[in-house]
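Containing compact mmCIF, C-alpha atoms: protein.txt.
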# COMPACT_ATOMS: atom_id res chain seq x y z
CA MET A 1 -14.07 -33.84 8.21
CA LEU A 2 -10.49 -33.88 6.94
CA VAL A 3 -9.79 -30.90 4.67
CA LEU A 4 -6.72 -30.14 2.57
CA GLY A 5 -6.07 -26.39 2.30
CA ILE A 6 -4.14 -24.80 -0.59
CA GLU A 7 -3.02 -21.15 -0.55
CA THR A 8 -1.42 -19.63 -3.67
CA SER A 9 -2.80 -16.08 -3.82
CA CYS A 10 0.50 -14.22 -4.12
CA ASP A 11 4.11 -15.10 -3.29
CA GLU A 12 3.78 -17.90 -0.73
CA THR A 13 2.70 -21.49 -1.29
CA GLY A 14 0.88 -22.77 1.78
CA ILE A 15 -0.51 -26.26 2.32
CA ALA A 16 -2.27 -27.62 5.43
CA LEU A 17 -4.45 -30.44 6.71
CA TYR A 18 -7.26 -29.51 9.10
CA ASP A 19 -9.56 -31.98 10.83
CA THR A 20 -12.79 -30.59 12.29
CA GLU A 21 -12.45 -33.00 15.22
CA ARG A 22 -8.68 -33.08 15.84
CA GLY A 23 -7.67 -29.62 14.65
CA LEU A 24 -4.62 -28.76 12.57
CA LEU A 25 -2.66 -31.92 11.69
CA ALA A 26 0.19 -30.56 9.55
CA GLU A 27 1.12 -27.52 7.51
CA ALA A 28 3.97 -26.33 5.29
CA LEU A 29 4.92 -23.07 3.66
CA HIS A 30 7.26 -22.10 0.85
CA SER A 31 8.15 -18.42 0.59
CA GLN A 32 9.18 -16.83 -2.71
CA ILE A 33 11.11 -13.94 -1.13
CA ALA A 34 14.36 -15.07 -2.76
CA VAL A 35 12.65 -15.20 -6.17
CA HIS A 36 11.30 -11.63 -6.03
CA ARG A 37 13.89 -9.82 -3.90
CA GLU A 38 16.10 -8.73 -6.80
CA TYR A 39 13.06 -7.05 -8.43
CA GLY A 40 11.98 -5.21 -5.26
CA GLY A 41 8.47 -6.66 -5.39
CA VAL A 42 6.35 -9.55 -6.59
CA VAL A 43 6.60 -10.44 -10.29
CA PRO A 44 3.26 -12.18 -11.06
CA GLU A 45 4.56 -14.49 -13.80
CA LEU A 46 7.44 -15.70 -11.63
CA ALA A 47 5.06 -16.21 -8.72
CA SER A 48 2.77 -18.41 -10.82
CA ARG A 49 5.65 -20.53 -12.12
CA ASP A 50 7.01 -21.07 -8.62
CA HIS A 51 3.59 -22.18 -7.35
CA ILE A 52 3.48 -24.72 -10.19
CA ARG A 53 6.81 -26.15 -9.03
CA LYS A 54 6.07 -26.19 -5.30
CA THR A 55 2.37 -26.93 -4.72
CA LEU A 56 2.22 -30.67 -5.38
CA PRO A 57 5.49 -31.50 -3.59
CA LEU A 58 4.24 -29.57 -0.55
CA VAL A 59 0.93 -31.45 -0.68
CA GLU A 60 2.82 -34.74 -0.65
CA ASP A 61 5.03 -33.53 2.20
CA VAL A 62 2.08 -32.48 4.37
CA LEU A 63 0.19 -35.72 3.74
CA GLN A 64 3.27 -37.74 4.62
CA ARG A 65 3.97 -35.85 7.86
CA ALA A 66 0.34 -36.21 8.93
CA ALA A 67 0.40 -39.93 8.01
CA VAL A 68 -2.64 -39.38 5.79
CA ASP A 69 -3.30 -40.94 2.38
CA LYS A 70 -5.04 -38.90 -0.31
CA SER A 71 -7.91 -41.37 -0.23
CA GLN A 72 -8.68 -40.30 3.35
CA LEU A 73 -9.37 -36.68 2.42
CA ASP A 74 -12.97 -35.54 2.75
CA ALA A 75 -12.65 -32.21 0.89
CA VAL A 76 -10.24 -29.71 -0.66
CA ALA A 77 -10.27 -25.97 0.04
CA TYR A 78 -8.23 -23.58 -2.08
CA THR A 79 -7.83 -19.82 -2.20
CA SER A 80 -10.12 -18.51 -4.94
CA GLY A 81 -9.42 -14.78 -4.46
CA PRO A 82 -8.67 -11.99 -4.12
CA GLY A 83 -5.09 -12.13 -5.36
CA LEU A 84 -2.92 -12.51 -8.45
CA VAL A 85 -5.03 -14.36 -11.01
CA GLY A 86 -2.18 -16.47 -12.37
CA ALA A 87 -1.09 -17.53 -8.90
CA LEU A 88 -4.68 -18.24 -7.86
CA MET A 89 -5.23 -20.36 -10.97
CA VAL A 90 -2.43 -22.72 -9.95
CA GLY A 91 -3.94 -23.57 -6.59
CA ALA A 92 -7.49 -23.56 -7.96
CA ALA A 93 -6.65 -25.93 -10.81
CA ILE A 94 -4.72 -28.32 -8.57
CA GLY A 95 -7.32 -28.24 -5.81
CA ARG A 96 -10.27 -28.71 -8.15
CA ALA A 97 -8.49 -31.50 -10.06
CA MET A 98 -7.58 -33.38 -6.87
CA ALA A 99 -11.15 -33.16 -5.61
CA TYR A 100 -12.51 -34.39 -8.93
CA ALA A 101 -10.08 -37.31 -9.03
CA LEU A 102 -10.93 -38.29 -5.45
CA ASN A 103 -14.68 -37.69 -5.92
CA ILE A 104 -14.83 -35.30 -2.96
CA PRO A 105 -16.16 -31.73 -2.70
CA ALA A 106 -14.01 -28.65 -3.30
CA LEU A 107 -14.52 -25.07 -2.19
CA GLY A 108 -12.91 -21.80 -3.22
CA VAL A 109 -12.07 -19.79 -0.10
CA HIS A 110 -11.92 -16.02 0.26
CA HIS A 111 -8.34 -15.08 1.13
CA MET A 112 -9.29 -12.31 3.58
CA GLU A 113 -11.86 -14.51 5.31
CA GLY A 114 -9.00 -16.93 5.86
CA HIS A 115 -6.99 -14.17 7.54
CA LEU A 116 -10.00 -13.05 9.55
CA LEU A 117 -10.57 -16.54 10.96
CA ALA A 118 -6.86 -17.36 11.55
CA PRO A 119 -6.98 -16.34 15.27
CA MET A 120 -9.51 -19.14 15.76
CA LEU A 121 -6.70 -21.64 15.20
CA GLU A 122 -5.25 -20.61 18.57
CA ASP A 123 -5.99 -22.22 21.94
CA ASN A 124 -8.09 -19.27 23.16
CA PRO A 125 -10.12 -18.22 20.12
CA PRO A 126 -12.49 -15.24 20.10
CA ALA A 127 -16.24 -15.75 20.10
CA PHE A 128 -18.59 -13.88 17.80
CA PRO A 129 -19.31 -10.98 17.55
CA PHE A 130 -16.15 -8.85 17.28
CA ILE A 131 -14.43 -6.07 15.36
CA ALA A 132 -11.71 -7.22 12.96
CA LEU A 133 -8.80 -5.15 11.71
CA LEU A 134 -7.47 -6.78 8.55
CA VAL A 135 -4.02 -5.42 7.72
CA SER A 136 -2.12 -7.18 4.96
CA GLY A 137 0.02 -6.15 2.01
CA GLY A 138 -2.99 -5.27 -0.12
CA HIS A 139 -5.79 -4.64 2.37
CA THR A 140 -6.54 -2.43 5.35
CA GLN A 141 -10.12 -2.91 6.52
CA LEU A 142 -12.22 -2.62 9.66
CA VAL A 143 -15.05 -5.14 9.70
CA ASP A 144 -17.90 -5.76 12.13
CA VAL A 145 -18.15 -9.56 12.35
CA GLU A 146 -21.36 -11.15 13.65
CA GLY A 147 -20.51 -14.63 12.39
CA ILE A 148 -18.93 -16.42 9.45
CA GLY A 149 -20.23 -14.71 6.33
CA ARG A 150 -21.98 -11.97 8.32
CA TYR A 151 -19.64 -9.07 7.72
CA THR A 152 -20.25 -5.32 7.68
CA LEU A 153 -17.43 -3.23 6.24
CA LEU A 154 -16.88 -0.25 8.55
CA GLY A 155 -13.88 1.31 6.84
CA GLU A 156 -11.03 0.63 4.45
CA SER A 157 -8.03 2.30 2.85
CA VAL A 158 -8.86 4.75 0.09
CA ASP A 159 -5.36 4.39 -1.38
CA ASP A 160 -2.35 2.41 -0.13
CA ALA A 161 -2.86 -0.36 2.41
CA ALA A 162 -0.77 -0.25 5.58
CA GLY A 163 1.39 -3.13 4.37
CA GLU A 164 2.07 -1.33 1.09
CA ALA A 165 3.05 1.79 3.01
CA PHE A 166 5.55 -0.24 5.07
CA ASP A 167 7.07 -1.73 1.92
CA LYS A 168 7.30 1.61 0.12
CA ALA A 169 8.84 3.37 3.13
CA ALA A 170 11.39 0.56 3.36
CA LYS A 171 12.22 0.98 -0.33
CA MET A 172 12.85 4.70 0.25
CA LEU A 173 15.32 3.73 2.95
CA GLU A 174 16.88 1.14 0.61
CA LEU A 175 15.95 -1.77 2.85
CA PRO A 176 15.58 -5.30 1.45
CA TYR A 177 12.28 -6.73 0.17
CA PRO A 178 9.86 -7.39 1.82
CA GLY A 179 10.24 -4.12 3.67
CA GLY A 180 7.76 -4.37 6.54
CA PRO A 181 9.82 -6.58 8.90
CA HIS A 182 12.98 -4.59 8.09
CA ILE A 183 11.29 -1.29 8.96
CA ALA A 184 10.08 -2.78 12.24
CA LYS A 185 13.55 -4.05 13.09
CA LEU A 186 15.21 -0.75 12.21
CA ALA A 187 12.62 1.20 14.21
CA GLU A 188 13.63 -0.57 17.42
CA GLY A 189 16.68 1.69 17.75
CA GLY A 190 15.05 4.94 16.66
CA ASN A 191 13.34 7.98 18.16
CA PRO A 192 9.66 7.85 17.14
CA GLU A 193 9.14 11.53 18.01
CA ARG A 194 11.91 13.05 15.92
CA PHE A 195 9.84 13.35 12.74
CA ASP A 196 6.30 14.68 13.06
CA PHE A 197 4.62 12.49 10.47
CA PRO A 198 0.84 12.83 9.96
CA ARG A 199 -1.78 10.48 11.39
CA PRO A 200 -4.00 10.47 8.29
CA MET A 201 -7.79 10.81 8.48
CA VAL A 202 -8.03 10.61 12.28
CA ARG A 203 -9.52 14.06 12.96
CA GLN A 204 -12.38 14.21 10.49
CA GLY A 205 -14.23 11.17 11.84
CA GLY A 206 -15.11 7.99 10.00
CA LEU A 207 -13.24 4.70 9.82
CA ASN A 208 -11.53 4.88 6.43
CA PHE A 209 -7.74 4.95 6.09
CA SER A 210 -5.28 6.77 3.85
CA PHE A 211 -1.53 6.27 3.85
CA SER A 212 -0.49 8.09 0.66
CA GLY A 213 0.14 11.38 2.47
CA LEU A 214 2.22 9.64 5.11
CA LYS A 215 4.25 8.01 2.34
CA THR A 216 4.94 11.44 0.84
CA ALA A 217 5.99 12.79 4.24
CA VAL A 218 8.46 9.93 4.61
CA LEU A 219 9.88 10.62 1.14
CA ASN A 220 10.38 14.28 2.03
CA ALA A 221 12.13 13.32 5.27
CA VAL A 222 14.41 10.87 3.47
CA ASN A 223 15.35 13.46 0.86
CA SER A 224 16.03 16.10 3.52
CA CYS A 225 18.45 13.75 5.29
CA LYS A 226 20.50 12.72 2.27
CA ASP A 227 24.07 13.92 2.12
CA ALA A 228 25.91 15.11 -0.97
CA ASP A 229 26.26 11.52 -2.16
CA GLY A 230 22.54 10.81 -1.73
CA VAL A 231 23.08 8.64 1.36
CA VAL A 232 20.93 8.75 4.52
CA ALA A 233 23.00 8.44 7.68
CA PRO A 234 22.16 5.41 9.88
CA ASN A 235 21.01 7.55 12.82
CA ASP A 236 18.60 9.43 10.52
CA ALA A 237 17.32 6.19 8.97
CA VAL A 238 16.44 4.61 12.33
CA ASP A 239 14.55 7.74 13.41
CA ILE A 240 12.64 7.90 10.13
CA ALA A 241 11.70 4.22 10.50
CA ALA A 242 10.61 4.67 14.12
CA SER A 243 8.60 7.82 13.37
CA PHE A 244 6.93 6.20 10.37
CA GLN A 245 6.01 3.06 12.29
CA ALA A 246 4.62 5.15 15.16
CA ALA A 247 2.42 7.09 12.71
CA VAL A 248 0.98 3.90 11.18
CA VAL A 249 0.45 2.26 14.58
CA ASP A 250 -1.21 5.35 16.04
CA THR A 251 -3.52 5.64 13.04
CA LEU A 252 -4.59 1.99 13.22
CA MET A 253 -5.04 2.16 16.99
CA LEU A 254 -7.17 5.31 16.88
CA LYS A 255 -9.43 3.85 14.19
CA CYS A 256 -9.82 0.58 16.11
CA ARG A 257 -10.71 2.48 19.29
CA ARG A 258 -13.31 4.46 17.39
CA ALA A 259 -14.77 1.27 15.87
CA LEU A 260 -15.04 -0.41 19.28
CA LYS A 261 -16.70 2.62 20.86
CA GLU A 262 -19.15 3.20 18.01
CA SER A 263 -20.13 -0.47 17.72
CA GLY A 264 -20.19 -1.32 21.41
CA ARG A 265 -18.18 -4.49 20.73
CA LYS A 266 -15.84 -5.77 23.43
CA GLN A 267 -13.53 -7.90 21.30
CA LEU A 268 -11.00 -6.87 18.68
CA ILE A 269 -9.08 -9.24 16.42
CA ILE A 270 -6.19 -8.24 14.17
CA ALA A 271 -5.17 -10.37 11.22
CA GLY A 272 -2.96 -10.22 8.15
CA GLY A 273 0.79 -9.77 7.78
CA VAL A 274 1.00 -6.39 9.57
CA SER A 275 -0.76 -7.89 12.62
CA ALA A 276 2.57 -9.58 13.47
CA ASN A 277 4.09 -6.15 14.12
CA THR A 278 5.08 -6.02 17.81
CA ALA A 279 4.57 -2.27 18.18
CA LEU A 280 1.04 -2.55 16.79
CA ARG A 281 0.15 -5.39 19.13
CA GLU A 282 1.48 -3.53 22.16
CA SER A 283 -0.41 -0.36 21.25
CA LEU A 284 -3.68 -2.22 20.72
CA GLU A 285 -3.21 -4.24 23.93
CA ALA A 286 -2.90 -0.99 25.91
CA MET A 287 -5.92 0.53 24.16
CA VAL A 288 -8.29 -2.41 24.66
CA ALA A 289 -7.27 -2.67 28.33
CA LYS A 290 -8.47 0.90 28.88
CA LEU A 291 -11.78 0.01 27.20
CA HIS A 292 -12.11 -3.22 29.23
CA SER A 293 -12.07 -5.15 25.97
CA LYS A 294 -9.94 -8.05 24.66
CA LEU A 295 -7.50 -8.40 21.78
CA TYR A 296 -6.95 -11.58 19.76
CA TYR A 297 -4.44 -12.43 17.04
CA ALA A 298 -2.82 -15.46 15.42
CA ARG A 299 0.72 -16.68 15.99
CA PRO A 300 3.20 -14.87 13.70
CA ALA A 301 3.40 -17.79 11.25
CA PHE A 302 -0.36 -17.58 10.69
CA CYS A 303 -0.43 -13.79 10.25
CA THR A 304 1.16 -13.96 6.83
CA ASP A 305 -0.33 -16.07 4.02
CA ASN A 306 -0.57 -19.75 4.95
CA GLY A 307 -2.44 -22.93 4.16
CA ALA A 308 -3.78 -23.45 7.70
CA MET A 309 -6.13 -20.47 7.53
CA ILE A 310 -7.51 -21.66 4.17
CA ALA A 311 -8.01 -25.23 5.41
CA PHE A 312 -9.75 -23.93 8.55
CA ALA A 313 -11.99 -21.40 6.78
CA GLY A 314 -12.87 -23.94 4.12
CA ALA A 315 -13.63 -26.61 6.72
CA GLN A 316 -16.21 -24.37 8.41
CA ARG A 317 -18.10 -23.78 5.18
CA LEU A 318 -17.73 -27.34 3.90
CA ALA A 319 -19.02 -28.71 7.22
CA ALA A 320 -22.04 -26.42 6.80
CA GLY A 321 -22.78 -28.06 3.44
CA GLN A 322 -21.28 -25.47 1.10
CA CYS A 323 -19.22 -26.56 -1.90
CA ASP A 324 -18.52 -25.47 -5.47
CA ASP A 325 -19.36 -27.04 -8.80
CA LEU A 326 -16.69 -28.17 -11.26
CA THR A 327 -15.81 -24.59 -12.23
CA ILE A 328 -12.22 -23.52 -11.54
CA SER A 329 -12.67 -20.17 -9.86
CA ALA A 330 -10.03 -17.42 -9.53
CA LYS A 331 -11.00 -13.84 -8.72
CA ALA A 332 -8.57 -10.92 -8.65
CA ARG A 333 -11.21 -8.89 -6.77
CA TRP A 334 -13.87 -10.35 -4.50
CA PRO A 335 -15.77 -8.21 -1.96
CA MET A 336 -16.08 -10.14 1.29
CA ASP A 337 -19.68 -9.04 1.79
CA GLN A 338 -20.62 -11.24 -1.18
CA LEU A 339 -19.95 -14.37 0.87
CA PRO A 340 -22.94 -16.37 2.08
CA PRO A 341 -23.35 -16.71 5.87
CA ILE A 342 -23.21 -19.86 7.92
CA ALA A 343 -24.59 -20.32 11.40
CA GLU A 344 -21.46 -20.91 13.46
CA VAL A 345 -17.91 -22.30 13.63
CA ASN A 346 -18.00 -26.04 14.26
Any chance you could give the structure as structure tokens?
Amino acid sequence: MLVLGIETSCDETGIALYDTERGLLAEALHSQIAVHREYGGVVPELASRDHIRKTLPLVEDVLQRAAVDKSQLDAVAYTSGPGLVGALMVGAAIGRAMAYALNIPALGVHHMEGHLLAPMLEDNPPAFPFIALLVSGGHTQLVDVEGIGRYTLLGESVDDAAGEAFDKAAKMLELPYPGGPHIAKLAEGGNPERFDFPRPMVRQGGLNFSFSGLKTAVLNAVNSCKDADGVVAPNDAVDIAASFQAAVVDTLMLKCRRALKESGRKQLIIAGGVSANTALRESLEAMVAKLHSKLYYARPAFCTDNGAMIAFAGAQRLAAGQCDDLTISAKARWPMDQLPPIAEVN
């Protein structure tokens, strides 16, 4: 089955072709960072307009590079939610219209399920069951995964997601948007022990997360380091970045360790934009080694939003016989436990 995947949930337009027999054939991504940078964050209306301009040209580009004609497509998968409704509507309308014109099935894919399954695009994919840490700009969740569509939410953020905390800490340090990669780069030269930032919600048990208190601690540290002109010296900035990153990484690691121990699972996958963070990967690698477990993650390009994960996730459900009617579906919120299960990845 040859599936076209369309991802337009936020500020990146991702297109991919996935074949259930040959694997990933081609993929392309357009980032809107330049569009939103001057505003310090994503402007939904601008995101939607940029998706309108870029989606169809990227579809044509991917088809051409894969030497595939539209008539050869067997199905279309598009991101249906969660995300920015206007941005989602662009991909949903284009995907549903293409499928209708070609008389092939279409399926709206859950964005976070796409992230969760992205490590399965690698050469050594994990086998079910496993624990998944989903860490993106808008989500921080621990999920017990028995199979596709068989998800048990173990814990989630009660306020800011880890990715949001990275971006907000970067903004406090006047780093460019998006802040996460800039914080990670700056932290490389800093002392992670200089500032004693909290590891939120790690002592009282449970698997939920909270990063609002850590954000406040960073703000206090930034303000305490400003000189008379309101400027933070470079040596202070690198130490704040390193200490902040260490606090987030420690918190995520401790929660993952607790989830593995409580569940008895021996495999951990991390997915979403923050899963590309090198310090997080190294910390989790060391932790799972002590537990005689294994860690899996996608290549950096497939950690952030992309069309490959949507094409792959959609292909699994389409191959199992699932498809949507003619309704164009876009959901700003969509709990993952509402998804129907399928037996296995083909």
Within 10 Å of file point (2.5, -11.5, 14.0), counting all atoms listed in the file, expressed as a ChimeraX atom specification:
/A:270-278,280-281,297-304
Using C-alpha atoms, can you write the selected residues to a file as a PDB file, in the frame of the given file?
ATOM      1  CA  ILE A 270      -6.190  -8.240  14.170  1.00  0.00           C
ATOM      2  CA  ALA A 271      -5.170 -10.370  11.220  1.00  0.00           C
ATOM      3  CA  GLY A 272      -2.960 -10.220   8.150  1.00  0.00           C
ATOM      4  CA  GLY A 273       0.790  -9.770   7.780  1.00  0.00           C
ATOM      5  CA  VAL A 274       1.000  -6.390   9.570  1.00  0.00           C
ATOM      6  CA  SER A 275      -0.760  -7.890  12.620  1.00  0.00           C
ATOM      7  CA  ALA A 276       2.570  -9.580  13.470  1.00  0.00           C
ATOM      8  CA  ASN A 277       4.090  -6.150  14.120  1.00  0.00           C
ATOM      9  CA  THR A 278       5.080  -6.020  17.810  1.00  0.00           C
ATOM     10  CA  LEU A 280       1.040  -2.550  16.790  1.00  0.00           C
ATOM     11  CA  ARG A 281       0.150  -5.390  19.130  1.00  0.00           C
ATOM     12  CA  TYR A 297      -4.440 -12.430  17.040  1.00  0.00           C
ATOM     13  CA  ALA A 298      -2.820 -15.460  15.420  1.00  0.00           C
ATOM     14  CA  ARG A 299       0.720 -16.680  15.990  1.00  0.00           C
ATOM     15  CA  PRO A 300       3.200 -14.870  13.700  1.00  0.00           C
ATOM     16  CA  ALA A 301       3.400 -17.790  11.250  1.00  0.00           C
ATOM     17  CA  PHE A 302      -0.360 -17.580  10.690  1.00  0.00           C
ATOM     18  CA  CYS A 303      -0.430 -13.790  10.250  1.00  0.00           C
ATOM     19  CA  THR A 304       1.160 -13.960   6.830  1.00  0.00           C
TER      20      THR A 304
END
Which polymer residues have any atom within 10 Å of an atom of segment 330-339 of chain A, counting all atoms listed in the file, with same-chain residues fewer than 2 positions away left out, as an MDAnalysis selection string?
chainID A and resid 9 78:93 108:113 143 148:153 327:328 341:342
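Across the structure, atom CA of Gly206 of chain A and atom CA of Thr140 of chain A are spaced 14.3 Å apart.
With atom CA of Met253 of chain A on one side and atom CA of Glu164 of chain A on the other, the separation reads 17.8 Å.
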Within 12 Å of Arg37 of chain A, counting only C-alpha atoms, which residues show up once you throw out same-chain ones fewer than 5 positions away? Write them as a count of residues only, please.
13
For each of A:Cys323, A:Leu116, A:Met287, A:Leu58, take the minimum atom-to-atom distance to Met309 of chain A, counting all atoms listed in the file, then give the residue where this is smallest.
A:Leu116
Residue with smallest distance to Gln316 of chain A - pool A:Ala34, A:Val218, A:Met120, A:Ile131, counting only C-alpha atoms:
A:Met120
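The interatomic distance for the pair atom CA of Asn208 of chain A and atom CA of Lys294 of chain A works out to 22.4 Å.
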Could you check the closest approach to Pro119 of chain A for each of A:Tyr296, A:Val76, A:Ala28, A:Thr55 and tell me which residue wins, using all atoms listed in the file?
A:Tyr296
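The closest residue to Gln64 of chain A, picked from A:Ala26, A:Leu117, A:Val145, A:Val3 and counting only C-alpha atoms, is A:Ala26.
Comparing the minimum interatomic distances between Arg258 of chain A and each of A:Leu284, A:Ala66, A:Leu207, A:Val59, counting only C-alpha atoms, we find that A:Leu207 sits nearest.
Distances from A:His182, A:Glu285, A:Leu4, A:Arg53 to Lys70 of chain A were compared using only C-alpha atoms, and the smallest one belongs to A:Leu4.
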Write out as a count of residues only which residues come within 10 Å of segment 231-246 of chain A when counting all atoms listed in the file, dropping same-chain ones fewer than 3 positions away.
47
